[in-house]
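Colleague: Just so it is clear, I am handing over model_19.csv, which has CSV, N, CA, C and O atoms.
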```csv
chain,number,residue,atom,x,y,z
F,1,ARG,N,-5.1,-25.0,3.6
F,1,ARG,CA,-5.4,-25.8,2.4
F,1,ARG,C,-4.7,-25.3,1.2
F,1,ARG,O,-4.5,-24.1,1.0
F,2,VAL,N,-4.3,-26.2,0.3
F,2,VAL,CA,-3.6,-25.9,-0.9
F,2,VAL,C,-4.5,-25.9,-2.1
F,2,VAL,O,-5.6,-26.5,-2.0
F,3,PHE,N,-4.1,-25.3,-3.2
F,3,PHE,CA,-4.9,-25.3,-4.4
F,3,PHE,C,-4.9,-26.7,-5.0
F,3,PHE,O,-3.9,-27.5,-4.9
F,4,ASP,N,-5.9,-27.1,-5.7
F,4,ASP,CA,-6.0,-28.3,-6.5
F,4,ASP,C,-5.8,-28.0,-7.9
F,4,ASP,O,-6.2,-27.0,-8.4
F,5,MET,N,-5.2,-29.0,-8.7
F,5,MET,CA,-5.1,-28.8,-10.1
F,5,MET,C,-6.4,-29.3,-10.8
F,5,MET,O,-6.9,-30.3,-10.3
F,6,PRO,N,-6.9,-28.6,-11.8
F,6,PRO,CA,-8.0,-29.1,-12.5
F,6,PRO,C,-7.7,-30.3,-13.3
F,6,PRO,O,-6.5,-30.6,-13.5
F,7,GLU,N,-8.7,-31.0,-13.8
F,7,GLU,CA,-8.5,-32.2,-14.6
F,7,GLU,C,-7.7,-31.8,-15.9
F,7,GLU,O,-6.8,-32.6,-16.3
F,8,GLU,N,-7.9,-30.7,-16.5
F,8,GLU,CA,-7.2,-30.3,-17.6
F,8,GLU,C,-6.4,-29.0,-17.3
F,8,GLU,O,-7.0,-27.9,-17.2
F,9,PRO,N,-5.1,-29.1,-17.0
F,9,PRO,CA,-4.3,-27.9,-16.6
F,9,PRO,C,-4.3,-26.9,-17.7
F,9,PRO,O,-4.3,-27.2,-18.9
F,10,MET,N,-4.4,-25.6,-17.3
F,10,MET,CA,-4.4,-24.5,-18.2
F,10,MET,C,-3.5,-23.4,-17.7
F,10,MET,O,-3.5,-23.2,-16.5
F,11,VAL,N,-2.9,-22.7,-18.6
F,11,VAL,CA,-2.1,-21.5,-18.3
F,11,VAL,C,-2.6,-20.3,-19.1
F,11,VAL,O,-2.9,-20.5,-20.3
F,12,MET,N,-2.6,-19.2,-18.5
F,12,MET,CA,-3.0,-17.9,-19.2
F,12,MET,C,-1.8,-16.9,-19.0
F,12,MET,O,-1.3,-16.8,-17.9
F,13,VAL,N,-1.4,-16.3,-20.1
F,13,VAL,CA,-0.4,-15.3,-20.0
F,13,VAL,C,-0.9,-14.0,-20.7
F,13,VAL,O,-1.7,-14.0,-21.5
F,14,PHE,N,-0.3,-12.9,-20.3
F,14,PHE,CA,-0.5,-11.6,-21.0
F,14,PHE,C,0.7,-10.7,-20.9
F,14,PHE,O,1.5,-10.9,-20.0
F,15,VAL,N,0.8,-9.8,-21.9
F,15,VAL,CA,1.8,-8.8,-21.9
F,15,VAL,C,1.0,-7.5,-22.2
F,15,VAL,O,0.2,-7.4,-23.1
F,16,MET,N,1.3,-6.5,-21.3
F,16,MET,CA,0.6,-5.2,-21.4
F,16,MET,C,1.7,-4.1,-21.6
F,16,MET,O,2.8,-4.1,-21.0
F,17,ASP,N,1.3,-3.0,-22.3
F,17,ASP,CA,2.2,-1.8,-22.4
F,17,ASP,C,1.3,-0.7,-21.9
F,17,ASP,O,0.4,-0.2,-22.6
F,18,TYR,N,1.6,-0.3,-20.7
F,18,TYR,CA,0.9,0.9,-20.1
F,18,TYR,C,1.7,2.1,-20.5
F,18,TYR,O,2.4,2.7,-19.7
F,19,TYR,N,1.4,2.5,-21.7
F,19,TYR,CA,2.2,3.6,-22.3
F,19,TYR,C,1.7,5.0,-22.0
F,19,TYR,O,2.4,6.0,-22.1
F,20,LYS,N,0.5,5.1,-21.5
F,20,LYS,CA,-0.1,6.4,-21.2
F,20,LYS,C,-0.7,6.4,-19.8
F,20,LYS,O,-1.8,5.8,-19.6
F,21,MET,N,0.0,6.9,-18.8
F,21,MET,CA,-0.4,6.8,-17.4
F,21,MET,C,-0.7,8.2,-16.9
F,21,MET,O,-0.5,9.2,-17.6
F,22,ASN,N,-1.2,8.2,-15.6
F,22,ASN,CA,-1.5,9.5,-15.0
F,22,ASN,C,-0.2,10.2,-14.5
F,22,ASN,O,0.9,9.6,-14.7
F,23,LYS,N,-0.3,11.3,-13.9
F,23,LYS,CA,0.9,12.1,-13.5
F,23,LYS,C,1.7,11.4,-12.4
F,23,LYS,O,2.9,11.6,-12.2
F,24,THR,N,1.1,10.4,-11.6
F,24,THR,CA,1.8,9.8,-10.5
F,24,THR,C,2.5,8.5,-10.9
F,24,THR,O,3.2,7.9,-10.1
F,25,THR,N,2.2,8.0,-12.1
F,25,THR,CA,2.8,6.7,-12.5
F,25,THR,C,3.4,6.8,-13.9
F,25,THR,O,2.8,7.2,-14.8
F,26,ALA,N,4.7,6.5,-14.0
F,26,ALA,CA,5.4,6.5,-15.3
F,26,ALA,C,5.0,5.3,-16.1
F,26,ALA,O,4.6,4.3,-15.6
F,27,PRO,N,5.0,5.4,-17.5
F,27,PRO,CA,4.7,4.3,-18.3
F,27,PRO,C,5.6,3.1,-18.0
F,27,PRO,O,6.8,3.2,-17.6
F,28,TYR,N,5.0,1.9,-18.2
F,28,TYR,CA,5.8,0.6,-17.9
F,28,TYR,C,5.1,-0.5,-18.7
F,28,TYR,O,4.0,-0.4,-19.2
F,29,LYS,N,5.9,-1.6,-18.8
F,29,LYS,CA,5.3,-2.8,-19.4
F,29,LYS,C,5.2,-3.9,-18.3
F,29,LYS,O,5.9,-3.9,-17.3
F,30,GLU,N,4.3,-4.8,-18.5
F,30,GLU,CA,4.0,-5.8,-17.6
F,30,GLU,C,3.6,-7.2,-18.3
F,30,GLU,O,3.0,-7.1,-19.3
F,31,ALA,N,4.0,-8.3,-17.7
F,31,ALA,CA,3.6,-9.6,-18.1
F,31,ALA,C,3.1,-10.3,-16.9
F,31,ALA,O,3.3,-9.9,-15.8
F,32,ALA,N,2.3,-11.4,-17.2
F,32,ALA,CA,1.8,-12.2,-16.1
F,32,ALA,C,1.5,-13.6,-16.5
F,32,ALA,O,1.3,-13.9,-17.7
F,33,VAL,N,1.7,-14.5,-15.5
F,33,VAL,CA,1.4,-15.9,-15.8
F,33,VAL,C,0.4,-16.4,-14.7
F,33,VAL,O,0.7,-16.2,-13.5
F,34,PHE,N,-0.7,-17.0,-15.2
F,34,PHE,CA,-1.7,-17.5,-14.3
F,34,PHE,C,-1.9,-19.0,-14.5
F,34,PHE,O,-1.8,-19.4,-15.7
F,35,LEU,N,-2.2,-19.7,-13.5
F,35,LEU,CA,-2.6,-21.1,-13.6
F,35,LEU,C,-4.0,-21.3,-13.2
F,35,LEU,O,-4.4,-20.7,-12.2
F,36,LEU,N,-4.7,-22.2,-13.9
F,36,LEU,CA,-6.1,-22.5,-13.4
F,36,LEU,C,-6.0,-23.4,-12.2
F,36,LEU,O,-5.2,-24.4,-12.2
F,37,ALA,N,-6.7,-23.1,-11.2
F,37,ALA,CA,-6.6,-23.9,-9.9
F,37,ALA,C,-8.0,-24.1,-9.3
F,37,ALA,O,-8.9,-23.3,-9.5
F,38,GLY,N,-8.1,-25.1,-8.5
F,38,GLY,CA,-9.3,-25.3,-7.8
F,38,GLY,C,-9.1,-25.1,-6.3
F,38,GLY,O,-8.0,-25.3,-5.8
F,39,TYR,N,-10.1,-24.7,-5.6
F,39,TYR,CA,-10.1,-24.5,-4.2
F,39,TYR,C,-11.5,-24.9,-3.7
F,39,TYR,O,-12.5,-24.1,-3.9
F,40,GLY,N,-11.6,-26.0,-3.0
F,40,GLY,CA,-12.9,-26.4,-2.6
F,40,GLY,C,-13.7,-26.8,-3.8
F,40,GLY,O,-13.3,-27.5,-4.7
F,41,GLN,N,-14.9,-26.2,-4.0
F,41,GLN,CA,-15.7,-26.5,-5.1
F,41,GLN,C,-15.6,-25.4,-6.2
F,41,GLN,O,-16.3,-25.5,-7.2
F,42,LYS,N,-14.7,-24.5,-6.1
F,42,LYS,CA,-14.5,-23.4,-7.0
F,42,LYS,C,-13.3,-23.5,-7.8
F,42,LYS,O,-12.3,-24.1,-7.4
F,43,THR,N,-13.3,-23.0,-9.1
F,43,THR,CA,-12.1,-22.9,-9.9
F,43,THR,C,-11.9,-21.5,-10.3
F,43,THR,O,-12.8,-20.7,-10.5
F,44,GLY,N,-10.6,-21.1,-10.3
F,44,GLY,CA,-10.3,-19.7,-10.7
F,44,GLY,C,-8.8,-19.6,-11.1
F,44,GLY,O,-8.1,-20.6,-11.1
F,45,TRP,N,-8.4,-18.5,-11.6
F,45,TRP,CA,-7.1,-18.2,-12.1
F,45,TRP,C,-6.2,-17.7,-10.9
F,45,TRP,O,-6.6,-16.8,-10.2
F,46,HIS,N,-5.1,-18.3,-10.7
F,46,HIS,CA,-4.1,-17.9,-9.7
F,46,HIS,C,-2.9,-17.3,-10.3
F,46,HIS,O,-2.2,-18.0,-11.2
F,47,CYS,N,-2.5,-16.1,-10.0
F,47,CYS,CA,-1.4,-15.4,-10.5
F,47,CYS,C,-0.1,-15.9,-9.9
F,47,CYS,O,0.1,-15.8,-8.7
F,48,MET,N,0.8,-16.5,-10.7
F,48,MET,CA,2.0,-17.0,-10.3
F,48,MET,C,3.1,-16.0,-10.2
F,48,MET,O,3.9,-15.9,-9.3
F,49,THR,N,3.1,-15.1,-11.2
F,49,THR,CA,4.2,-14.0,-11.2
F,49,THR,C,3.7,-12.9,-12.1
F,49,THR,O,2.8,-13.1,-13.0
F,50,MET,N,4.1,-11.7,-11.9
F,50,MET,CA,3.7,-10.5,-12.7
F,50,MET,C,4.9,-9.6,-12.8
F,50,MET,O,5.0,-8.6,-12.1
F,51,PRO,N,5.9,-9.9,-13.7
F,51,PRO,CA,7.0,-9.0,-13.9
F,51,PRO,C,6.6,-7.7,-14.5
F,51,PRO,O,5.8,-7.6,-15.4
F,52,VAL,N,7.3,-6.6,-14.1
F,52,VAL,CA,7.1,-5.3,-14.6
F,52,VAL,C,8.4,-4.6,-14.9
F,52,VAL,O,9.5,-5.1,-14.4
F,53,THR,N,8.4,-3.5,-15.6
F,53,THR,CA,9.7,-2.9,-16.0
F,53,THR,C,10.1,-1.7,-15.2
F,53,THR,O,11.2,-1.1,-15.4
F,54,THR,N,9.3,-1.2,-14.2
F,54,THR,CA,9.7,-0.1,-13.4
F,54,THR,C,9.5,-0.5,-11.9
F,54,THR,O,8.5,-1.2,-11.6
F,55,ASP,N,10.4,0.0,-11.1
F,55,ASP,CA,10.3,-0.3,-9.6
F,55,ASP,C,9.0,0.3,-9.0
F,55,ASP,O,8.4,-0.2,-8.1
F,56,ASP,N,8.6,1.5,-9.5
F,56,ASP,CA,7.4,2.2,-9.1
F,56,ASP,C,6.2,1.3,-9.3
F,56,ASP,O,5.4,1.1,-8.4
F,57,ALA,N,6.1,0.7,-10.5
F,57,ALA,CA,4.9,-0.2,-10.8
F,57,ALA,C,5.0,-1.5,-9.9
F,57,ALA,O,4.0,-2.0,-9.4
F,58,ARG,N,6.2,-2.0,-9.6
F,58,ARG,CA,6.4,-3.1,-8.8
F,58,ARG,C,5.9,-2.9,-7.3
F,58,ARG,O,5.0,-3.6,-6.8
F,59,VAL,N,6.4,-1.8,-6.8
F,59,VAL,CA,6.0,-1.4,-5.4
F,59,VAL,C,4.5,-1.1,-5.2
F,59,VAL,O,3.9,-1.7,-4.3
F,60,LYS,N,4.0,-0.3,-6.1
F,60,LYS,CA,2.6,0.0,-6.0
F,60,LYS,C,1.7,-1.2,-6.3
F,60,LYS,O,0.6,-1.4,-5.6
F,61,GLY,N,2.1,-2.1,-7.2
F,61,GLY,CA,1.3,-3.3,-7.5
F,61,GLY,C,1.2,-4.2,-6.3
F,61,GLY,O,0.2,-4.9,-6.0
F,62,ILE,N,2.3,-4.3,-5.5
F,62,ILE,CA,2.4,-5.1,-4.3
F,62,ILE,C,1.6,-4.5,-3.2
F,62,ILE,O,0.7,-5.1,-2.6
F,63,LYS,N,1.9,-3.2,-3.0
F,63,LYS,CA,1.3,-2.5,-1.8
F,63,LYS,C,-0.2,-2.3,-1.9
F,63,LYS,O,-0.9,-2.5,-1.0
F,64,TYR,N,-0.7,-1.8,-3.1
F,64,TYR,CA,-2.1,-1.5,-3.2
F,64,TYR,C,-3.0,-2.6,-3.8
F,64,TYR,O,-4.2,-2.6,-3.6
F,65,LEU,N,-2.4,-3.5,-4.6
F,65,LEU,CA,-3.2,-4.5,-5.2
F,65,LEU,C,-2.9,-6.0,-4.8
F,65,LEU,O,-3.6,-6.9,-5.1
F,66,GLY,N,-1.7,-6.2,-4.1
F,66,GLY,CA,-1.4,-7.5,-3.6
F,66,GLY,C,-0.9,-8.4,-4.7
F,66,GLY,O,-0.8,-9.6,-4.4
F,67,PHE,N,-0.5,-8.0,-5.8
F,67,PHE,CA,0.0,-8.8,-6.9
F,67,PHE,C,1.5,-9.2,-6.6
F,67,PHE,O,2.2,-8.5,-6.0
F,68,PRO,N,1.9,-10.4,-7.1
F,68,PRO,CA,3.3,-10.9,-6.9
F,68,PRO,C,4.2,-10.2,-8.0
F,68,PRO,O,4.8,-10.9,-8.8
F,69,LYS,N,4.3,-8.9,-7.9
F,69,LYS,CA,5.1,-8.2,-8.9
F,69,LYS,C,6.6,-8.3,-8.6
F,69,LYS,O,7.0,-8.2,-7.5
F,70,ILE,N,7.4,-8.5,-9.7
F,70,ILE,CA,8.8,-8.5,-9.6
F,70,ILE,C,9.4,-7.7,-10.8
F,70,ILE,O,8.6,-7.4,-11.7
F,71,MET,N,10.7,-7.4,-10.8
F,71,MET,CA,11.3,-6.7,-11.9
F,71,MET,C,11.6,-7.7,-13.0
F,71,MET,O,12.0,-8.9,-12.7
F,72,GLY,N,11.4,-7.4,-14.3
F,72,GLY,CA,11.6,-8.2,-15.4
F,72,GLY,C,11.9,-7.4,-16.6
F,72,GLY,O,11.6,-6.2,-16.7
F,73,ASP,N,12.4,-8.1,-17.7
F,73,ASP,CA,12.6,-7.4,-19.0
F,73,ASP,C,11.4,-7.9,-19.8
F,73,ASP,O,11.3,-9.0,-20.4
F,74,VAL,N,10.4,-7.0,-20.0
F,74,VAL,CA,9.2,-7.2,-20.7
F,74,VAL,C,9.2,-6.4,-22.0
F,74,VAL,O,9.5,-5.2,-22.0
F,75,GLY,N,8.9,-7.1,-23.1
F,75,GLY,CA,8.9,-6.4,-24.4
F,75,GLY,C,7.6,-6.7,-25.1
F,75,GLY,O,6.9,-7.7,-24.9
F,76,LEU,N,7.2,-5.7,-26.0
F,76,LEU,CA,6.0,-5.8,-26.8
F,76,LEU,C,6.3,-5.2,-28.1
F,76,LEU,O,6.5,-4.0,-28.2
F,77,GLN,N,6.4,-6.0,-29.2
F,77,GLN,CA,6.6,-5.5,-30.5
F,77,GLN,C,5.3,-5.4,-31.3
F,77,GLN,O,4.5,-6.4,-31.3
F,78,ARG,N,5.0,-4.3,-31.9
F,78,ARG,CA,3.7,-4.1,-32.6
F,78,ARG,C,4.0,-4.2,-34.1
F,78,ARG,O,4.8,-3.4,-34.6
F,79,GLY,N,3.4,-5.1,-34.8
F,79,GLY,CA,3.4,-5.2,-36.2
F,79,GLY,C,2.1,-4.7,-36.8
F,79,GLY,O,1.2,-4.3,-36.1
F,80,GLU,N,1.9,-4.9,-38.1
F,80,GLU,CA,0.7,-4.4,-38.7
F,80,GLU,C,-0.5,-5.3,-38.2
F,80,GLU,O,-1.6,-4.7,-37.9
F,81,SER,N,-0.3,-6.6,-38.1
F,81,SER,CA,-1.5,-7.4,-37.7
F,81,SER,C,-1.1,-8.4,-36.5
F,81,SER,O,-1.9,-9.1,-36.1
F,82,ILE,N,0.2,-8.3,-36.1
F,82,ILE,CA,0.7,-9.3,-35.1
F,82,ILE,C,1.4,-8.5,-34.0
F,82,ILE,O,2.2,-7.6,-34.3
F,83,TYR,N,1.1,-8.9,-32.8
F,83,TYR,CA,1.8,-8.3,-31.6
F,83,TYR,C,2.6,-9.5,-31.0
F,83,TYR,O,2.1,-10.6,-30.9
F,84,ILE,N,3.9,-9.2,-30.6
F,84,ILE,CA,4.7,-10.3,-30.0
F,84,ILE,C,5.2,-9.8,-28.7
F,84,ILE,O,5.9,-8.8,-28.5
F,85,GLY,N,4.8,-10.5,-27.6
F,85,GLY,CA,5.2,-10.2,-26.3
F,85,GLY,C,6.4,-11.1,-25.9
F,85,GLY,O,6.4,-12.3,-26.2
F,86,THR,N,7.3,-10.5,-25.1
F,86,THR,CA,8.5,-11.3,-24.6
F,86,THR,C,8.7,-11.0,-23.2
F,86,THR,O,8.3,-10.0,-22.7
F,87,LEU,N,9.3,-12.0,-22.5
F,87,LEU,CA,9.6,-11.8,-21.1
F,87,LEU,C,11.0,-12.5,-20.8
F,87,LEU,O,11.2,-13.7,-21.2
F,88,LYS,N,11.8,-11.8,-20.1
F,88,LYS,CA,13.1,-12.4,-19.7
F,88,LYS,C,13.2,-12.1,-18.2
F,88,LYS,O,13.0,-11.0,-17.7
F,89,LEU,N,13.6,-13.2,-17.5
F,89,LEU,CA,13.9,-13.1,-16.0
F,89,LEU,C,15.3,-13.6,-15.9
F,89,LEU,O,15.6,-14.8,-16.3
F,90,ASN,N,16.2,-12.9,-15.2
F,90,ASN,CA,17.6,-13.3,-15.0
F,90,ASN,C,18.2,-13.7,-16.4
F,90,ASN,O,18.9,-14.7,-16.5
F,91,ASP,N,18.0,-12.9,-17.4
F,91,ASP,CA,18.5,-13.1,-18.8
F,91,ASP,C,18.0,-14.4,-19.4
F,91,ASP,O,18.7,-14.8,-20.4
F,92,LYS,N,17.0,-15.0,-18.9
F,92,LYS,CA,16.4,-16.2,-19.6
F,92,LYS,C,15.0,-15.9,-20.1
F,92,LYS,O,14.2,-15.4,-19.3
F,93,PRO,N,14.7,-16.3,-21.3
F,93,PRO,CA,13.4,-16.1,-21.8
F,93,PRO,C,12.3,-17.0,-21.2
F,93,PRO,O,12.6,-18.0,-20.7
```
Rewrite the coordinates I just gave you, this time as structure tokens.
Modeller:
Amino acid sequence: RVFDMPEEPMVMVFVMDYYKMNKTTAPYKEAAVFLLAGYGQKTGWHCMTMPVTTDDARVKGIKYLGFPKIMGDVGLQRGESIYIGTLKLNDKP
């Protein structure tokens, strides 16, 4: 069975900076794109892609968590009151 689109399509994105990790994982940045989808009588968020900036984060995210992680150029600029997240895949924003 395939996912159904809800009456009102919705997209959710995030950009994270995991700047302080434990001894086994180096810091990395991550972005994600989710679509709201229906399956039977339930509605939930389906992760379409989850680019990360280190191969270690990519491999562990796939192996241990099952996320669709790929390598990408993820940026996060911190201003006084505004944060700006960016994502490039194959040199395209």
Colleague: Can you pull out every residue within 10 Å of Tyr28 (chain F), counting only C-alpha atoms, but drop anything in the same chain fewer than 2 positions away, and send it as a list in words?
Modeller: Met16, Asp17, Tyr18, Tyr19, Lys20, Met21, Thr25, Ala26, Glu30, Val52, Thr53, Thr54, Asp55, Asp56, Ala57, Arg58 and Val74 of chain F
Colleague: Expressed in Å to a single decimal, how great is the separation between CA of Val13 (chain F) and CA of Pro68 (chain F)?
Modeller: 14.3 Å
Colleague: When DSSP works through the backbone of this structure, what residues of region 1-90 of chain F end up as alpha helix (DSSP H), shown as number ranges by chain?
Modeller: F: 55-65
Colleague: Let me make sure I understand: among F:Met50, F:Leu89, F:Ile84, F:Val11, which one has the smallest atom-to-atom distance to Ile70 (chain F) if we use only N, CA, C and O atoms?
Modeller: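 Counting only N, CA, C and O atoms, the residue closest to Ile70 (chain F) is F:Met50.
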Colleague: Measure the distance from CA of Tyr64 (chain F) to atom N of Lys23 (chain F) in Å and round it to one decimal.
Modeller: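 According to the coordinates, CA of Tyr64 (chain F) and atom N of Lys23 (chain F) are separated by 16.8 Å.
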Colleague: What does the distance between CA of Gly66 (chain F) and CA of Leu35 (chain F) come to in Å, to one decimal place?
Modeller: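 It comes out at 16.9 Å.
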Colleague: Mind listing the strand (DSSP E) residues of chain F, per DSSP on the backbone, as JSON, numbers by chain?
Modeller: {"F": [11, 12, 13, 14, 15, 16, 17, 18, 28, 29, 30, 31, 32, 33, 34, 35, 36, 37, 38, 39, 42, 43, 44, 45, 46, 47, 48, 49, 50, 51, 52, 69, 70, 71, 73, 74, 75, 76, 77, 78, 83, 84, 85, 86, 87, 88]}
Colleague: Compare F:Asp73, F:Glu80, F:Asp91, F:Asp4 by their minimum atom-to-atom distance to Tyr39 (chain F), counting only N, CA, C and O atoms, and give me the closest one.
Modeller: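 Selected residue with least distance to Tyr39 (chain F): F:Asp4.
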Colleague: Find the residue from F:Thr24, F:Gly40, F:Lys29, F:Thr86 that sits nearest to Phe3 (chain F); use only N, CA, C and O atoms when measuring.
Modeller: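 Under the stated criterion, the closest residue is F:Gly40.
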Colleague: Which is closest to Gln41 (chain F) among F:Val59, F:Met5, F:Leu87, F:Ile82, if we use only C-alpha atoms?
Modeller: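 Among F:Val59, F:Met5, F:Leu87, F:Ile82, it is F:Met5 that comes nearest to Gln41 (chain F).
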Colleague: Out of F:Gly85, F:Gly38, F:Val33, F:Thr43, which residue has the shortest atom-to-atom distance to Phe67 (chain F) when counting only C-alpha atoms?
Modeller: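 The closest residue to Phe67 (chain F) is F:Val33.
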Colleague: Rank nothing, just name the residue among F:Leu76, F:Met10, F:Ala31, F:Val15 nearest to Gly44 (chain F), using all atoms listed in the file.
Modeller: F:Met10
Colleague: Selecting N, CA and C atoms, how would region 35-47 of chain F from this structure be written as a PDB file, in the first residue's frame?
Modeller:
```pdb
ATOM      1  N   LEU F  35       7.129  15.113   4.729  1.00  0.00           N
ATOM      2  CA  LEU F  35       5.817  15.379   4.134  1.00  0.00           C
ATOM      3  C   LEU F  35       4.744  14.758   5.013  1.00  0.00           C
ATOM      4  N   LEU F  36       3.648  15.470   5.179  1.00  0.00           N
ATOM      5  CA  LEU F  36       2.515  14.908   5.893  1.00  0.00           C
ATOM      6  C   LEU F  36       1.851  13.883   4.977  1.00  0.00           C
ATOM      7  N   ALA F  37       1.605  12.693   5.488  1.00  0.00           N
ATOM      8  CA  ALA F  37       1.052  11.618   4.670  1.00  0.00           C
ATOM      9  C   ALA F  37       0.011  10.836   5.462  1.00  0.00           C
ATOM     10  N   GLY F  38      -0.865  10.199   4.720  1.00  0.00           N
ATOM     11  CA  GLY F  38      -1.864   9.342   5.336  1.00  0.00           C
ATOM     12  C   GLY F  38      -1.581   7.888   5.006  1.00  0.00           C
ATOM     13  N   TYR F  39      -1.948   7.017   5.919  1.00  0.00           N
ATOM     14  CA  TYR F  39      -1.824   5.582   5.704  1.00  0.00           C
ATOM     15  C   TYR F  39      -3.006   4.938   6.421  1.00  0.00           C
ATOM     16  N   GLY F  40      -3.945   4.433   5.660  1.00  0.00           N
ATOM     17  CA  GLY F  40      -5.165   3.919   6.280  1.00  0.00           C
ATOM     18  C   GLY F  40      -5.916   5.070   6.923  1.00  0.00           C
ATOM     19  N   GLN F  41      -6.221   4.941   8.181  1.00  0.00           N
ATOM     20  CA  GLN F  41      -6.949   5.983   8.904  1.00  0.00           C
ATOM     21  C   GLN F  41      -6.033   6.924   9.684  1.00  0.00           C
ATOM     22  N   LYS F  42      -4.719   6.749   9.558  1.00  0.00           N
ATOM     23  CA  LYS F  42      -3.779   7.543  10.348  1.00  0.00           C
ATOM     24  C   LYS F  42      -3.029   8.542   9.473  1.00  0.00           C
ATOM     25  N   THR F  43      -2.622   9.648  10.096  1.00  0.00           N
ATOM     26  CA  THR F  43      -1.817  10.669   9.432  1.00  0.00           C
ATOM     27  C   THR F  43      -0.527  10.841  10.223  1.00  0.00           C
ATOM     28  N   GLY F  44       0.580  11.011   9.512  1.00  0.00           N
ATOM     29  CA  GLY F  44       1.860  11.201  10.194  1.00  0.00           C
ATOM     30  C   GLY F  44       2.875  11.819   9.258  1.00  0.00           C
ATOM     31  N   TRP F  45       4.041  12.138   9.795  1.00  0.00           N
ATOM     32  CA  TRP F  45       5.119  12.754   9.024  1.00  0.00           C
ATOM     33  C   TRP F  45       6.027  11.668   8.457  1.00  0.00           C
ATOM     34  N   HIS F  46       6.287  11.751   7.148  1.00  0.00           N
ATOM     35  CA  HIS F  46       7.177  10.805   6.473  1.00  0.00           C
ATOM     36  C   HIS F  46       8.446  11.541   6.074  1.00  0.00           C
ATOM     37  N   CYS F  47       9.599  11.042   6.516  1.00  0.00           N
ATOM     38  CA  CYS F  47      10.883  11.674   6.218  1.00  0.00           C
ATOM     39  C   CYS F  47      11.305  11.327   4.794  1.00  0.00           C
TER      40      CYS F  47
END
```
